[in-house]
Each structure stands twice: as structure tokens, then as C-alpha cells.
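Student: Below you'll find the structure I mean.
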Amino acid sequence: MALPASSDPAAVDALQNAYQRLRHEIGKVIVGQEAIVEGLVVALLARGHVLLVGVPGLAKTLLIKTLAQAIHLDFSRIQFTPDLMPGDITGTEIIEENRDTGRREFKFVKGPLFANVILADEINRTPPKTQAALLEAMEEHQVTTAGQTYDLGDPFFVLATENPIEQEGTYPLPEAQLDRFMFNLWLDYPSFDDEVKVVRNTAGPITASADAVLTAEELRLYQDLVRQVPVADGVIEHAVNLVARTRPGREGAPDFINAYLSYGAGPRASQYLILGAKASALLDGRLTPLAADVDALAIPVLRHRIITNFNAEAEGVSAVDVIERLLATV
């Protein structure tokens with residue numbers, strides 16, 4: 001399948017149609033959560049990873065598995081626990097007898113990271129050494145063991161989950177590692193009507209499932225399409241200005257930033273704002289993003305990249321409060 005250039009409306013129409021088919025299939029299984037689904041698709045098109053925060057029972061695993069089914073991708077779920085070792089996720093070498101020569105040889109057995117869509121369930125429940133192995137794979141799209149390098153799947157999309165209400169026995173991700181996630185999405189409780197639909201759909205004898213409407217090759221082409229989207233200099237400058245103003249003590253930082261933040265976001269936030277804005281524009285049928293697309297992604301991109309200080313904690317000011325106030329001033 002060959003797609004025209006991003007300047008051709010036919011390319012945008014093709015992506016829009018694929019997105020609508022995708023939403024329809026996911027909607028067979030997942031009730032509501034439209035904003036979360038859109039965020040996941042935007043990150044997937046931008047080749048970014050997502051940190052998803054939500055209480056248990058909100059269908060995080062089912063959502064990601066359904067997304068993988070609808071795009072015909074290999075899905076792997078890893079339950080992170082305190083005793084999980086790096087080799088348990090990347091793979092390990094075993095000694096095996098060669099039937100032809102009769103000699104014993106080392107053979108690499110691939111771990112669960114060798115898939116297209118990885119659900120890293122409760123990533124903060126495993127020690128930093130294993131967290132680092134996953135995050136290195138996210139960055140490099142490969143793993144190295146015994147001097148040998150093995151490429152991971154393409155596309156390669158990691159969704160890590162955290163439980164925000166139970167922190168005993170957890171290992172919080174350092175800020176430098178959090179920065180590798182494109183989005184931090186918060187999954188909220190369903191509305192009353194949506195919860196009624198969930199109970200009705202799951203308590204019956206028939207379980208819905210999603211059909212594949214997109215191939216991995218088509219997804220790769222759409223990912224390339226996002227990279228081709230042109231962006232006006234003013235939109236790029238708007239994104240950079242927004243991120244730069246989160247840095248306390250720097251020129252142009254508002255007083256409330258200096259008062260409530262210890263550290264601001266780095267250049268990766270600006271990059272992800274523009275990549276996400278490109279994908280959002282295409283999904284909306286537009287050939288180039290607007291500053292409004294950047295603003296719409298400010299919270300999921302910046303929420304885990306800015307560090308509030310004691311003053312903010314004492315006054316009950318959250319990272320989201322700071323971002324919303326910043327958007328009102330830029």
C-alpha cells in the first residue's frame with residue numbers, strides 16, 4: 001500500500017477513514033473513554049509511548065488488547081512485580097543441544113518485549129533495574145544480551161500503567177525516565193450511563209471482540225505520513241514558548257511558575273507537542289496543525305515533566321492547575 005504525500009487531501013482522507021474504522025471496532029468492546037482512545041491513537045501515530053494512570057477495574061488491559069486486535073498487532077502483557085528481573089522481559093540465553101552436531105550451544109529465547117504492543121502493568125511495582133531495561137528498549141527499540149543486539153518489533157508501542165491510590169511497596173519512576181513517555185493519560189471513572197452499558201455488556205452470555213481493520217504495514221505508512229505534515233513557524237514557536245515558560249528562574253517565566261515549580265519541562269516536551277499536534281490535525285482532517293492543537297495536548301505532555309515544589313503542595317496546587325493557568329497566560 002502506498003500513500004500520497006501529506007499535502008494531498010487523499011492521504012488525510014485515508015487516515016481519517018482508518019481512524020473511524022478503528023474507533024468503531026474499539027467501541028464494540030470499550031464503552032466511553034473517547035479522549036483516552038484518541039490519545040492512544042495520537043501517540044501511536046507519533047511513535048510515542050504512554051504512561052496511563054488509573055485505579056483498578058477501568059479496563060486498561062482490555063483497552064490496549066482491543067487496540068492491538070483492531071490493528072492486527074502482536075500484544076504482550078507484562079505484570080511487573082518486585083521479583084521481576086531484566087532478563088524476564090528482554091529474554092535470556094539457555095544451553096541447548098544441537099541435534100545435527102550433538103554439541104551444546106547457547107540459544108537466545110526472546111522475552112515478552114518482542115511484540116508490537118506492550119502493556120507494562122504497574123511499572124512502579126518493579127525495581128529500578130528492570131524499569132531501566134524496559135525504558136532502554138523503549139528508547140533504542142532493541143535489547144542487548146551476551147554481546148548480541150536484537151531488534152524489537154516495528155511498530156513498537158509501550159503503554160505502562162500505574163495505580164495512583166496504592167503506593168506501598170512501589171518504586172516511583174525517576175523524572176528522567178518519565179520524560180521518555182510522550183503522554184501521561186489519566187483514566188477516570190465512567191459516567192453513570194457508560195457504567196450501566198459496561199455492566200449490561202459484560203454480564204451477558206456474549207462477549208464482544210474487535211476485528212482487525214488495519215495492518216502493521218498500513219500503520220507504519222500512517223506514522224511516516226505524520227512526519228511529513230508541514231508546521232508553520234508560528235505554531236512551533238508557540239509550542240517552544242509554552243514549554244520554556246514552565247522553567248522557573250528563566251527569562252519570561254511567570255511569577256506563579258517561579259512560586260510553584262522546582263523544575264520545568266525539557267526540549268522533548270516541545271518535540272512531542274508538535275508531533276502530537278501533527279497527528280491530531282490529520283485525524284481532524286486538516287493538512288497542518290494549529291496552535292490550538294498544541295494547547296489541547298499540553299496537559300498530557302507536560303503533566304509528568306514539571307515538578308511542583310513545597311509551596312504548591314502546601315497550597316494544594318497540582319501540576320494540572322499550573323498548566324491550565326499557564327495556558328491562560330500564553
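Here, A, B, ... name the chains of the C-alpha cells in the order displayed, residue numbers run from 1 inside each chain, and ligands are numbered from 1 in the same displayed order.
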Please provide the set of residues having any atom within 6 Å of region 181-186 of chain A, restricted to only C-alpha atoms, with same-chain residues fewer than 6 positions apart removed, written as a PyMOL selection string.

Tutor: chain A and resi 48-54+300-301

Student: For Val240 (chain A), find every residue with an atom within 10 Å (counting only C-alpha atoms), except residues of its own chain fewer than 6 positions away, and show them as a list in words.

Tutor: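 Contacts, with the query itself left out: Gly234, Gly266, Pro267, Ala269, Ser270, Gln271, Leu273 and Ile274 of chain A.
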
Student: Rounded to one decimal place, report the CA of Ile236 (chain A)-CA of Leu290 (chain A) distance in Å.

Tutor: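 Calculated distance between CA of Ile236 (chain A) and CA of Leu290 (chain A) is 9.5 Å.
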
Student: Skip Leu62 (chain A) itself and residues of its chain fewer than 2 positions away, then list as a list in words all residues within 12 Å of it, counting only C-alpha atoms.

Tutor: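 Using only C-alpha atoms, the neighbours found are Ile26, Gly27, Lys28, Val29, Ile30, Val31, Val37, Pro56, Gly57, Leu58, Ala59, Lys60, Ile64, Lys65, Thr66, Leu67, Ala68, Gln69, Phe75, Ser76, Arg77, Leu119, Asp121, Ala208, Ser209 and Ala210 of chain A.
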
Student: Using only C-alpha atoms, what does the table of region 18-43 of chain A residues within 12 Å of region 147-164 of chain A look like, with each row giving the shortest atom pair and its distance in Å to one decimal, sorted by chain and ascending number, as JSON lines?

Tutor:
{"residue": "A:Gly39", "atom": "CA", "partner": "A:Leu159", "partner_atom": "CA", "distance": 11.7}
{"residue": "A:Leu40", "atom": "CA", "partner": "A:Leu159", "partner_atom": "CA", "distance": 8.9}
{"residue": "A:Val41", "atom": "CA", "partner": "A:Phe157", "partner_atom": "CA", "distance": 10.6}
{"residue": "A:Val42", "atom": "CA", "partner": "A:Phe157", "partner_atom": "CA", "distance": 11.7}
{"residue": "A:Ala43", "atom": "CA", "partner": "A:Phe157", "partner_atom": "CA", "distance": 8.7}

Student: Taking the DSSP assignment computed from this structure's backbone, write out as a PyMOL selection string all residues of region 183-299 of chain A that belong to strand (DSSP E).

Tutor: chain A and resi 183-186+261-263

Student: Within 9 Å of region 194-198 of chain A, counting only C-alpha atoms, which residues show up once you throw out same-chain ones fewer than 3 positions away? Write them as a list in words, please.

Tutor: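 In the requested form, the answer reads Ile30, Val31, Gly32, Tyr189, Pro190, Ser191, Asn201, Thr202 and Ala203 of chain A.
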
Student: With DSSP run on the backbone, what are the alpha helix (DSSP H) residues within region 67-191 of chain A? I'd like them as a short mmCIF file (atom, residue, chain, number, x, y, z; two decimals) with N, CA and C atoms, in the first residue's frame.

Tutor:
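Writing the result to part_32.cif gives the following:
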data_model
loop_
_atom_site.label_atom_id
_atom_site.label_comp_id
_atom_site.auth_asym_id
_atom_site.auth_seq_id
_atom_site.Cartn_x
_atom_site.Cartn_y
_atom_site.Cartn_z
N LEU A 67 -7.10 -2.49 21.16
CA LEU A 67 -6.40 -1.66 20.19
C LEU A 67 -5.46 -2.50 19.34
N ALA A 68 -4.73 -3.42 19.98
CA ALA A 68 -3.81 -4.29 19.25
C ALA A 68 -4.56 -5.21 18.29
N GLN A 69 -5.72 -5.72 18.71
CA GLN A 69 -6.52 -6.57 17.84
C GLN A 69 -7.03 -5.81 16.63
N ALA A 70 -7.48 -4.57 16.85
CA ALA A 70 -8.06 -3.78 15.76
C ALA A 70 -7.01 -3.37 14.73
N PRO A 86 15.47 -8.09 34.75
CA PRO A 86 15.55 -7.62 33.36
C PRO A 86 15.45 -8.73 32.33
N GLY A 87 16.10 -9.86 32.58
CA GLY A 87 16.04 -10.97 31.64
C GLY A 87 14.67 -11.56 31.47
N ASP A 88 13.80 -11.36 32.48
CA ASP A 88 12.45 -11.88 32.38
C ASP A 88 11.63 -11.15 31.32
N ILE A 89 12.01 -9.93 30.99
CA ILE A 89 11.26 -9.19 29.98
C ILE A 89 12.01 -9.09 28.65
N THR A 90 13.35 -9.03 28.70
CA THR A 90 14.11 -8.90 27.46
C THR A 90 14.38 -10.24 26.81
N PRO A 128 14.17 -0.53 40.07
CA PRO A 128 14.70 0.34 39.01
C PRO A 128 15.48 -0.40 37.93
N LYS A 129 16.16 -1.49 38.28
CA LYS A 129 16.96 -2.21 37.28
C LYS A 129 16.09 -2.75 36.16
N THR A 130 14.93 -3.28 36.50
CA THR A 130 14.02 -3.82 35.48
C THR A 130 13.30 -2.68 34.77
N GLN A 131 12.95 -1.62 35.51
CA GLN A 131 12.36 -0.45 34.86
C GLN A 131 13.31 0.10 33.79
N ALA A 132 14.60 0.16 34.13
CA ALA A 132 15.59 0.70 33.20
C ALA A 132 15.70 -0.16 31.95
N ALA A 133 15.58 -1.49 32.10
CA ALA A 133 15.65 -2.37 30.93
C ALA A 133 14.50 -2.09 29.97
N LEU A 134 13.30 -1.88 30.53
CA LEU A 134 12.15 -1.56 29.68
C LEU A 134 12.33 -0.20 29.01
N LEU A 135 12.75 0.80 29.78
CA LEU A 135 12.87 2.14 29.24
C LEU A 135 13.98 2.24 28.20
N GLU A 136 15.04 1.45 28.36
CA GLU A 136 16.09 1.41 27.34
C GLU A 136 15.55 0.82 26.04
N ALA A 137 14.74 -0.24 26.16
CA ALA A 137 14.13 -0.83 24.97
C ALA A 137 13.20 0.16 24.28
N MET A 138 12.47 0.95 25.07
CA MET A 138 11.59 1.97 24.50
C MET A 138 12.38 2.98 23.69
N GLU A 139 13.54 3.36 24.18
CA GLU A 139 14.34 4.39 23.53
C GLU A 139 15.07 3.85 22.31
N GLU A 140 15.66 2.67 22.44
CA GLU A 140 16.52 2.14 21.40
C GLU A 140 15.81 1.18 20.44
N GLU A 175 12.34 11.20 37.28
CA GLU A 175 11.85 12.18 36.31
C GLU A 175 12.50 11.98 34.94
N ALA A 176 13.78 11.62 34.90
CA ALA A 176 14.46 11.42 33.62
C ALA A 176 13.85 10.27 32.83
N GLN A 177 13.34 9.27 33.54
CA GLN A 177 12.72 8.14 32.86
C GLN A 177 11.27 8.46 32.49
N LEU A 178 10.60 9.23 33.32
CA LEU A 178 9.25 9.67 32.96
C LEU A 178 9.26 10.47 31.66
#
